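Q: input-v7.pdb is reproduced below (PDB, C-alpha atoms, pLDDT in the B column).
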ATOM      1  CA  MET C   1     147.215 210.327 155.692  1.00 80.00           C
ATOM      2  CA  GLU C   2     144.983 209.868 158.756  1.00 91.00           C
ATOM      3  CA  LEU C   3     142.192 208.440 156.586  1.00 89.00           C
ATOM      4  CA  GLU C   4     144.661 205.961 155.083  1.00 88.00           C
ATOM      5  CA  LEU C   5     145.825 204.931 158.567  1.00 90.00           C
ATOM      6  CA  ARG C   6     142.241 204.473 159.761  1.00 88.00           C
ATOM      7  CA  ALA C   7     141.459 202.312 156.731  1.00 88.00           C
ATOM      8  CA  LEU C   8     144.613 200.248 157.254  1.00 88.00           C
ATOM      9  CA  LEU C   9     143.844 199.684 160.928  1.00 90.00           C
ATOM     10  CA  ALA C  10     140.252 198.724 160.124  1.00 89.00           C
ATOM     11  CA  ALA C  11     141.402 196.220 157.488  1.00 88.00           C
ATOM     12  CA  ARG C  12     143.903 194.701 159.922  1.00 90.00           C
ATOM     13  CA  ALA C  13     141.250 194.490 162.632  1.00 91.00           C
ATOM     14  CA  LEU C  14     138.892 192.668 160.253  1.00 88.00           C
ATOM     15  CA  VAL C  15     141.570 190.185 159.194  1.00 88.00           C
ATOM     16  CA  ASP C  16     142.695 189.591 162.779  1.00 91.00           C
ATOM     17  CA  ARG C  17     139.142 189.131 164.086  1.00 89.00           C
ATOM     18  CA  MET C  18     138.200 186.696 161.321  1.00 85.00           C
ATOM     19  CA  ARG C  19     141.456 184.773 161.741  1.00 87.00           C
ATOM     20  CA  ALA C  20     140.752 184.381 165.476  1.00 88.00           C
ATOM     21  CA  LEU C  21     137.157 183.271 164.843  1.00 84.00           C
ATOM     22  CA  TYR C  22     138.260 180.779 162.178  1.00 84.00           C
ATOM     23  CA  ARG C  23     141.011 179.416 164.432  1.00 88.00           C
ATOM     24  CA  GLU C  24     138.488 178.953 167.245  1.00 85.00           C
ATOM     25  CA  LEU C  25     136.085 177.139 164.915  1.00 83.00           C
ATOM     26  CA  GLU C  26     138.848 174.884 163.580  1.00 86.00           C
ATOM     27  CA  GLN C  27     139.978 173.993 167.111  1.00 86.00           C
ATOM     28  CA  THR C  28     136.423 173.301 168.256  1.00 83.00           C
ATOM     29  CA  THR C  29     135.539 171.034 165.331  1.00 84.00           C
ATOM     30  CA  GLY C  30     138.889 169.635 164.205  1.00 85.00           C
ATOM     31  CA  ALA C  31     138.095 170.672 160.639  1.00 86.00           C
ATOM     32  CA  PRO C  32     139.641 173.429 158.529  1.00 88.00           C
ATOM     33  CA  ILE C  33     137.559 176.468 157.730  1.00 87.00           C
ATOM     34  CA  SER C  34     137.412 175.432 154.068  1.00 89.00           C
ATOM     35  CA  MET C  35     135.338 172.372 155.064  1.00 91.00           C
ATOM     36  CA  HIS C  36     132.929 174.569 156.985  1.00 88.00           C
ATOM     37  CA  ARG C  37     132.544 176.815 153.958  1.00 87.00           C
ATOM     38  CA  VAL C  38     131.764 173.735 151.856  1.00 92.00           C
ATOM     39  CA  LEU C  39     129.237 172.474 154.436  1.00 91.00           C
ATOM     40  CA  ASN C  40     127.504 175.855 154.358  1.00 88.00           C
ATOM     41  CA  GLY C  41     127.463 175.870 150.571  1.00 91.00           C
ATOM     42  CA  ILE C  42     125.937 172.400 150.380  1.00 93.00           C
ATOM     43  CA  GLY C  43     123.497 173.177 153.193  1.00 91.00           C
ATOM     44  CA  ALA C  44     122.327 176.269 151.324  1.00 90.00           C
ATOM     45  CA  GLU C  45     121.854 174.324 148.092  1.00 93.00           C
ATOM     46  CA  PRO C  46     121.474 170.556 148.604  1.00 94.00           C
ATOM     47  CA  GLY C  47     122.323 168.632 145.457  1.00 93.00           C
ATOM     48  CA  ILE C  48     124.651 171.315 144.151  1.00 94.00           C
ATOM     49  CA  GLN C  49     127.137 170.109 141.560  1.00 91.00           C
ATOM     50  CA  ALA C  50     130.758 170.031 142.655  1.00 90.00           C
ATOM     51  CA  SER C  51     131.799 172.380 139.842  1.00 89.00           C
ATOM     52  CA  GLN C  52     129.065 174.852 140.761  1.00 92.00           C
ATOM     53  CA  LEU C  53     130.089 174.659 144.436  1.00 93.00           C
ATOM     54  CA  ALA C  54     133.681 175.464 143.464  1.00 91.00           C
ATOM     55  CA  ALA C  55     132.522 178.499 141.489  1.00 91.00           C
ATOM     56  CA  THR C  56     130.199 179.659 144.271  1.00 90.00           C
ATOM     57  CA  LEU C  57     132.986 179.465 146.855  1.00 89.00           C
ATOM     58  CA  GLY C  58     135.642 180.893 144.544  1.00 87.00           C
ATOM     59  CA  MET C  59     137.748 177.747 144.810  1.00 88.00           C
ATOM     60  CA  GLN C  60     139.625 175.693 142.245  1.00 89.00           C
ATOM     61  CA  ARG C  61     138.091 172.359 141.199  1.00 88.00           C
ATOM     62  CA  PRO C  62     141.036 170.257 142.453  1.00 89.00           C
ATOM     63  CA  ALA C  63     140.745 171.898 145.876  1.00 90.00           C
ATOM     64  CA  ILE C  64     137.006 171.189 146.028  1.00 91.00           C
ATOM     65  CA  SER C  65     137.555 167.597 144.910  1.00 91.00           C
ATOM     66  CA  HIS C  66     140.111 167.060 147.660  1.00 93.00           C
ATOM     67  CA  LEU C  67     137.821 168.582 150.295  1.00 94.00           C
ATOM     68  CA  LEU C  68     134.841 166.553 149.116  1.00 95.00           C
ATOM     69  CA  ARG C  69     136.855 163.296 149.264  1.00 94.00           C
ATOM     70  CA  THR C  70     137.924 164.081 152.827  1.00 95.00           C
ATOM     71  CA  MET C  71     134.377 165.009 153.811  1.00 95.00           C
ATOM     72  CA  VAL C  72     133.061 161.732 152.362  1.00 96.00           C
ATOM     73  CA  GLU C  73     135.658 159.899 154.470  1.00 95.00           C
ATOM     74  CA  ARG C  74     134.436 161.774 157.553  1.00 94.00           C
ATOM     75  CA  GLY C  75     130.864 160.823 156.699  1.00 95.00           C
ATOM     76  CA  TRP C  76     129.665 164.412 156.360  1.00 95.00           C
ATOM     77  CA  ILE C  77     128.592 164.342 152.716  1.00 95.00           C
ATOM     78  CA  GLU C  78     127.644 161.963 149.965  1.00 95.00           C
ATOM     79  CA  ARG C  79     128.342 162.365 146.278  1.00 90.00           C
ATOM     80  CA  VAL C  80     125.638 161.132 143.939  1.00 89.00           C
ATOM     81  CA  ARG C  81     125.945 160.837 140.174  1.00 83.00           C
ATOM     82  CA  ALA C  82     123.005 162.405 138.369  1.00 74.00           C
ATOM     83  CA  GLU C  83     120.894 159.839 136.564  1.00 77.00           C
ATOM     84  CA  ALA C  84     120.430 162.044 133.503  1.00 76.00           C
ATOM     85  CA  ASP C  85     124.139 162.854 133.170  1.00 75.00           C
ATOM     86  CA  GLN C  86     126.557 160.402 134.777  1.00 73.00           C
ATOM     87  CA  ARG C  87     129.352 162.985 134.525  1.00 77.00           C
ATOM     88  CA  ALA C  88     127.544 165.339 136.885  1.00 80.00           C
ATOM     89  CA  VAL C  89     128.108 164.709 140.578  1.00 83.00           C
ATOM     90  CA  ARG C  90     125.641 166.190 143.031  1.00 91.00           C
ATOM     91  CA  VAL C  91     126.614 166.713 146.643  1.00 94.00           C
ATOM     92  CA  TYR C  92     124.378 166.245 149.688  1.00 96.00           C
ATOM     93  CA  LEU C  93     124.896 166.476 153.443  1.00 95.00           C
ATOM     94  CA  THR C  94     124.572 163.266 155.435  1.00 96.00           C
ATOM     95  CA  ALA C  95     123.005 163.209 158.914  1.00 96.00           C
ATOM     96  CA  ALA C  96     126.507 163.677 160.368  1.00 94.00           C
ATOM     97  CA  GLY C  97     127.103 166.605 158.006  1.00 93.00           C
ATOM     98  CA  GLU C  98     123.792 168.175 159.012  1.00 92.00           C
ATOM     99  CA  LYS C  99     124.785 167.784 162.662  1.00 90.00           C
ATOM    100  CA  MET C 100     128.180 169.417 162.055  1.00 89.00           C
ATOM    101  CA  LEU C 101     126.498 172.262 160.198  1.00 86.00           C
ATOM    102  CA  GLN C 102     124.042 172.796 163.072  1.00 83.00           C
ATOM    103  CA  LEU C 103     126.867 172.678 165.634  1.00 79.00           C
ATOM    104  CA  THR C 104     128.798 175.350 163.795  1.00 77.00           C
ATOM    105  CA  ALA C 105     125.865 177.526 162.719  1.00 67.00           C
ATOM    106  CA  GLY C 106     126.381 181.006 164.066  1.00 60.00           C
ATOM    107  CA  ARG C 107     130.118 180.549 164.282  1.00 63.00           C
ATOM    108  CA  ALA C 108     132.728 182.287 162.149  1.00 59.00           C
ATOM    109  CA  VAL C 109     131.522 181.027 158.772  1.00 59.00           C
ATOM    110  CA  GLY C 110     128.122 182.737 158.981  1.00 68.00           C
ATOM    111  CA  MET C 111     129.151 185.509 161.324  1.00 77.00           C
ATOM    112  CA  LEU C 112     130.741 187.662 158.634  1.00 77.00           C
ATOM    113  CA  GLN C 113     127.693 187.250 156.403  1.00 78.00           C
ATOM    114  CA  ARG C 114     125.346 188.269 159.226  1.00 82.00           C
ATOM    115  CA  SER C 115     127.601 191.197 160.077  1.00 87.00           C
ATOM    116  CA  VAL C 116     127.465 192.473 156.506  1.00 87.00           C
ATOM    117  CA  ARG C 117     123.683 192.058 156.452  1.00 88.00           C
ATOM    118  CA  ALA C 118     123.459 194.224 159.585  1.00 92.00           C
ATOM    119  CA  LEU C 119     125.005 197.172 157.732  1.00 92.00           C
ATOM    120  CA  GLY C 120     122.964 199.661 155.777  1.00 92.00           C
ATOM    121  CA  ASP C 121     122.717 199.404 152.003  1.00 93.00           C
ATOM    122  CA  ALA C 122     125.045 202.375 151.441  1.00 94.00           C
ATOM    123  CA  ASP C 123     127.774 200.820 153.627  1.00 92.00           C
ATOM    124  CA  VAL C 124     127.400 197.447 151.928  1.00 92.00           C
ATOM    125  CA  GLU C 125     127.670 199.151 148.530  1.00 93.00           C
ATOM    126  CA  ARG C 126     130.879 200.910 149.593  1.00 91.00           C
ATOM    127  CA  LEU C 127     132.329 197.629 150.872  1.00 89.00           C
ATOM    128  CA  ALA C 128     131.328 195.813 147.686  1.00 89.00           C
ATOM    129  CA  VAL C 129     133.222 198.395 145.634  1.00 91.00           C
ATOM    130  CA  ALA C 130     136.223 199.072 147.887  1.00 90.00           C
ATOM    131  CA  LEU C 131     137.155 195.597 149.137  1.00 88.00           C
ATOM    132  CA  PRO C 132     137.735 194.051 145.686  1.00 88.00           C
ATOM    133  CA  LEU C 133     139.870 197.075 144.799  1.00 89.00           C
ATOM    134  CA  LEU C 134     141.922 196.513 147.949  1.00 87.00           C
ATOM    135  CA  VAL C 135     142.290 192.795 147.223  1.00 85.00           C
ATOM    136  CA  GLN C 136     143.486 193.604 143.684  1.00 87.00           C
ATOM    137  CA  GLN C 137     146.353 195.603 145.174  1.00 86.00           C
ATOM    138  CA  LEU C 138     147.610 192.587 147.133  1.00 83.00           C
ATOM    139  CA  PRO C 139     149.978 190.134 145.474  1.00 85.00           C
ATOM    140  CA  ALA C 140     148.401 186.817 144.531  1.00 78.00           C
ATOM    141  CA  ALA C 141     149.059 183.960 146.906  1.00 71.00           C
ATOM    142  CA  ARG C 142     151.138 181.141 145.502  1.00 70.00           C
ATOM    143  CA  PRO C 143     149.287 177.837 145.417  1.00 64.00           C
ATOM    144  CA  ALA C 144     150.567 175.415 148.035  1.00 57.00           C
ATOM    145  CA  GLU C 145     152.465 172.415 146.729  1.00 57.00           C
ATOM    146  CA  PRO C 146     151.137 169.016 147.707  1.00 52.00           C
ATOM    147  CA  ALA C 147     153.299 167.529 150.470  1.00 49.00           C
ATOM    148  CA  ALA C 148     154.475 164.668 148.228  1.00 49.00           C
ATOM    149  CA  ARG C 149     155.984 167.092 145.713  1.00 51.00           C
ATOM    150  CA  ARG C 150     157.849 169.244 148.183  1.00 49.00           C
ATOM    151  CA  ARG C 151     161.544 168.732 148.231  1.00 53.00           C
ATOM    152  CA  PRO C 152     163.250 168.876 151.579  1.00 54.00           C
ATOM    153  CA  ARG C 153     165.364 171.960 151.944  1.00 54.00           C
ATOM    154  CA  ARG C 154     169.021 171.277 152.135  1.00 57.00           C
ATOM    155  CA  ARG C 155     171.063 173.144 154.628  1.00 54.00           C
ATOM    156  CA  PRO C 156     174.110 174.843 153.208  1.00 54.00           C
ATOM    157  CA  VAL C 157     177.244 172.970 154.072  1.00 53.00           C
ATOM    158  CA  ALA C 158     179.771 175.021 155.988  1.00 53.00           C
ATOM    159  CA  ALA C 159     183.074 175.430 154.132  1.00 51.00           C
ATOM    160  CA  SER C 160     185.069 173.737 156.896  1.00 49.00           C
ATOM    161  CA  ALA C 161     182.681 170.753 156.959  1.00 49.00           C
ATOM    162  CA  ALA C 162     182.808 170.321 153.185  1.00 49.00           C
ATOM    163  CA  GLN C 163     186.568 169.797 153.071  1.00 51.00           C
ATOM    164  CA  PRO C 164     187.818 166.220 153.486  1.00 50.00           C
ATOM    165  CA  ARG C 165     189.908 165.566 156.552  1.00 46.00           C
TER     166      ARG C 165
END
Take the structure from the file and write it as C-alpha coordinates.

A:
Amino acid sequence: MELELRALLAARALVDRMRALYRELEQTTGAPISMHRVLNGIGAEPGIQASQLAATLGMQRPAISHLLRTMVERGWIERVRAEADQRAVRVYLTAAGEKMLQLTAGRAVGMLQRSVRALGDADVERLAVALPLLVQQLPAARPAEPAARRRPRRRPVAASAAQPR
(Lines of atoms letter the chains of each structure in order from A and count residues from 1; the text may use other names and numbers.)
(Lines give C-alpha, C1' and ligand atoms only; values in the text may rest on other atoms or scores of the structure.)
Protein backbone atom coordinates (compact mmCIF):
# COMPACT_ATOMS: atom_id res chain seq x y z
CA MET A 1 0.00 0.00 0.00
CA GLU A 2 2.86 2.41 0.78
CA LEU A 3 4.49 1.66 -2.58
CA GLU A 4 1.19 2.41 -4.33
CA LEU A 5 0.88 5.71 -2.44
CA ARG A 6 4.45 6.69 -3.31
CA ALA A 7 3.81 5.93 -6.98
CA LEU A 8 0.55 7.90 -6.93
CA LEU A 9 2.20 10.91 -5.30
CA ALA A 10 5.09 10.79 -7.78
CA ALA A 11 2.68 10.66 -10.74
CA ARG A 12 0.71 13.61 -9.35
CA ALA A 13 3.91 15.57 -8.77
CA LEU A 14 5.00 14.96 -12.38
CA VAL A 15 1.63 16.05 -13.77
CA ASP A 16 1.49 19.12 -11.53
CA ARG A 17 5.06 20.18 -12.33
CA MET A 18 4.58 19.79 -16.08
CA ARG A 19 1.23 21.60 -15.96
CA ALA A 20 2.87 24.54 -14.15
CA LEU A 21 5.78 24.64 -16.63
CA TYR A 22 3.41 24.48 -19.61
CA ARG A 23 1.19 27.20 -18.14
CA GLU A 24 4.24 29.42 -17.62
CA LEU A 25 5.38 28.84 -21.21
CA GLU A 26 1.91 29.57 -22.59
CA GLN A 27 1.68 32.81 -20.58
CA THR A 28 5.16 33.91 -21.64
CA THR A 29 4.61 33.30 -25.36
CA GLY A 30 0.85 33.63 -25.80
CA ALA A 31 0.79 30.29 -27.61
CA PRO A 32 -0.62 26.95 -26.46
CA ILE A 33 1.78 24.17 -25.62
CA SER A 34 0.62 22.22 -28.68
CA MET A 35 2.13 24.92 -30.92
CA HIS A 36 5.43 24.67 -29.09
CA ARG A 37 5.43 20.92 -29.57
CA VAL A 38 4.84 21.46 -33.29
CA LEU A 39 7.64 24.06 -33.47
CA ASN A 40 10.01 21.58 -31.82
CA GLY A 41 8.95 18.82 -34.19
CA ILE A 42 9.52 20.98 -37.26
CA GLY A 43 12.78 22.35 -35.86
CA ALA A 44 14.03 18.81 -35.32
CA GLU A 45 13.09 17.77 -38.86
CA PRO A 46 12.73 20.71 -41.28
CA GLY A 47 10.58 19.79 -44.26
CA ILE A 48 8.66 17.14 -42.37
CA GLN A 49 5.32 16.22 -43.92
CA ALA A 50 2.26 17.28 -41.96
CA SER A 51 1.01 13.68 -41.72
CA GLN A 52 4.39 12.50 -40.44
CA LEU A 53 4.46 15.35 -37.90
CA ALA A 54 1.02 14.30 -36.64
CA ALA A 55 2.23 10.72 -36.21
CA THR A 56 5.46 11.81 -34.51
CA LEU A 57 3.57 13.97 -32.02
CA GLY A 58 0.76 11.47 -31.50
CA MET A 59 -1.84 13.94 -32.74
CA GLN A 60 -4.80 13.59 -35.07
CA ARG A 61 -4.44 15.03 -38.59
CA PRO A 62 -7.30 17.55 -38.18
CA ALA A 63 -5.66 18.89 -35.01
CA ILE A 64 -2.31 19.28 -36.78
CA SER A 65 -3.97 20.96 -39.75
CA HIS A 66 -5.67 23.47 -37.47
CA LEU A 67 -2.43 24.21 -35.61
CA LEU A 68 -0.47 24.58 -38.84
CA ARG A 69 -3.04 27.03 -40.25
CA THR A 70 -2.82 29.14 -37.10
CA MET A 71 0.97 29.02 -37.14
CA VAL A 72 1.02 30.14 -40.79
CA GLU A 73 -1.21 33.07 -39.78
CA ARG A 74 1.25 33.95 -37.01
CA GLY A 75 4.11 33.78 -39.51
CA TRP A 76 5.95 31.01 -37.68
CA ILE A 77 5.87 28.35 -40.40
CA GLU A 78 5.41 27.94 -44.10
CA ARG A 79 3.79 25.03 -45.87
CA VAL A 80 5.34 24.03 -49.17
CA ARG A 81 3.90 21.52 -51.62
CA ALA A 82 6.47 18.97 -52.74
CA GLU A 83 7.32 19.30 -56.41
CA ALA A 84 7.37 15.54 -56.97
CA ASP A 85 4.01 14.95 -55.26
CA GLN A 86 1.67 17.93 -55.07
CA ARG A 87 -0.41 16.14 -52.42
CA ALA A 88 2.49 16.13 -49.98
CA VAL A 89 2.89 19.27 -47.90
CA ARG A 90 6.24 19.90 -46.25
CA VAL A 91 6.50 22.21 -43.28
CA TYR A 92 9.35 24.62 -42.51
CA LEU A 93 10.01 27.21 -39.82
CA THR A 94 10.15 30.84 -40.91
CA ALA A 95 12.60 33.31 -39.35
CA ALA A 96 9.87 34.24 -36.84
CA GLY A 97 9.31 30.55 -36.07
CA GLU A 98 13.04 30.02 -35.57
CA LYS A 99 13.08 32.99 -33.20
CA MET A 100 10.13 31.62 -31.21
CA LEU A 101 11.81 28.23 -31.02
CA GLN A 102 15.04 29.81 -29.75
CA LEU A 103 13.13 31.90 -27.20
CA THR A 104 11.42 28.85 -25.80
CA ALA A 105 14.33 26.41 -26.04
CA GLY A 106 15.04 25.02 -22.61
CA ARG A 107 11.53 25.70 -21.43
CA ALA A 108 8.89 23.11 -20.61
CA VAL A 109 8.74 21.46 -24.03
CA GLY A 110 12.35 20.25 -23.96
CA MET A 111 12.71 20.10 -20.21
CA LEU A 112 10.95 16.76 -19.82
CA GLN A 113 13.04 15.26 -22.61
CA ARG A 114 16.27 16.47 -21.00
CA SER A 115 15.10 15.21 -17.63
CA VAL A 116 14.48 11.73 -19.03
CA ARG A 117 17.89 11.77 -20.73
CA ALA A 118 19.50 12.54 -17.36
CA LEU A 119 18.20 9.26 -15.92
CA GLY A 120 20.11 6.02 -16.17
CA ASP A 121 19.18 3.44 -18.79
CA ALA A 122 17.54 1.13 -16.24
CA ASP A 123 15.28 3.93 -14.95
CA VAL A 124 14.36 5.00 -18.48
CA GLU A 125 13.52 1.38 -19.33
CA ARG A 126 11.25 1.12 -16.28
CA LEU A 127 9.52 4.38 -17.21
CA ALA A 128 9.11 3.26 -20.82
CA VAL A 129 7.35 0.11 -19.63
CA ALA A 130 5.37 1.45 -16.66
CA LEU A 131 4.06 4.79 -17.94
CA PRO A 132 2.17 3.38 -20.95
CA LEU A 133 0.63 0.78 -18.63
CA LEU A 134 -0.50 3.57 -16.30
CA VAL A 135 -1.91 5.61 -19.19
CA GLN A 136 -3.85 2.56 -20.40
CA GLN A 137 -5.63 2.43 -17.05
CA LEU A 138 -6.92 5.99 -17.44
CA PRO A 139 -10.17 6.60 -19.31
CA ALA A 140 -9.74 8.11 -22.76
CA ALA A 141 -10.32 11.83 -23.01
CA ARG A 142 -13.30 12.86 -25.07
CA PRO A 143 -12.37 14.96 -28.08
CA ALA A 144 -13.36 18.60 -27.65
CA GLU A 145 -16.19 19.81 -29.84
CA PRO A 146 -15.45 22.78 -32.06
CA ALA A 147 -17.00 25.93 -30.57
CA ALA A 148 -19.40 26.33 -33.52
CA ARG A 149 -20.97 22.93 -32.87
CA ARG A 150 -21.50 23.35 -29.16
CA ARG A 151 -25.03 23.94 -28.13
CA PRO A 152 -25.62 26.37 -25.31
CA ARG A 153 -26.77 24.63 -22.19
CA ARG A 154 -30.27 25.45 -21.20
CA ARG A 155 -31.01 26.09 -17.61
CA PRO A 156 -33.86 24.06 -16.21
CA VAL A 157 -36.96 26.15 -15.82
CA ALA A 158 -38.28 26.27 -12.28
CA ALA A 159 -41.79 24.83 -11.95
CA SER A 160 -43.23 28.11 -10.67
CA ALA A 161 -41.68 30.07 -13.56
CA ALA A 162 -42.99 27.64 -16.17
CA GLN A 163 -46.64 28.13 -15.23
CA PRO A 164 -48.50 30.95 -16.98
CA ARG A 165 -49.71 33.74 -14.75

Q: Pick out the closest residue to Glu24 (chain C) from this set: C:Gly58, C:Asp121, C:Ser65, C:Thr104. Count only C-alpha atoms.

A: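 Selected residue with least distance to Glu24 (chain C): C:Thr104.
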
Q: What is the distance, in Å and to one decimal place, between CA of Trp76 (chain C) and CA of Tyr92 (chain C)?

A: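 According to the coordinates, CA of Trp76 (chain C) and CA of Tyr92 (chain C) are separated by 8.7 Å.
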
Q: Using all atoms listed in the file for the distances, tell me which of C:Ser34, C:Thr28, C:Gln137, C:Gln86 is nearest to Leu57 (chain C).

A: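 Closest candidate: C:Ser34.
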
Q: Of the candidates C:Ala88, C:Met100, C:Met71, C:Ala128, which one gets nearest to Val116 (chain C) if we count all atoms listed in the file?

A: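 Comparing C:Ala88, C:Met100, C:Met71, C:Ala128 against Val116 (chain C), the winner is C:Ala128.
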
Q: For the file shown, what are the residues hit by the PyMOL selection byres ((chain C and resi 9-23) around 12), laid out as a PyMOL selection string?

A: chain C and resi 2-8+24-37+104+106-113+115+127+130-131+134-135

Q: Just to confirm, what's the straight-line distance from CA of His66 (chain C) to CA of Pro132 (chain C) in Å (one decimal)?

A: 27.2 Å
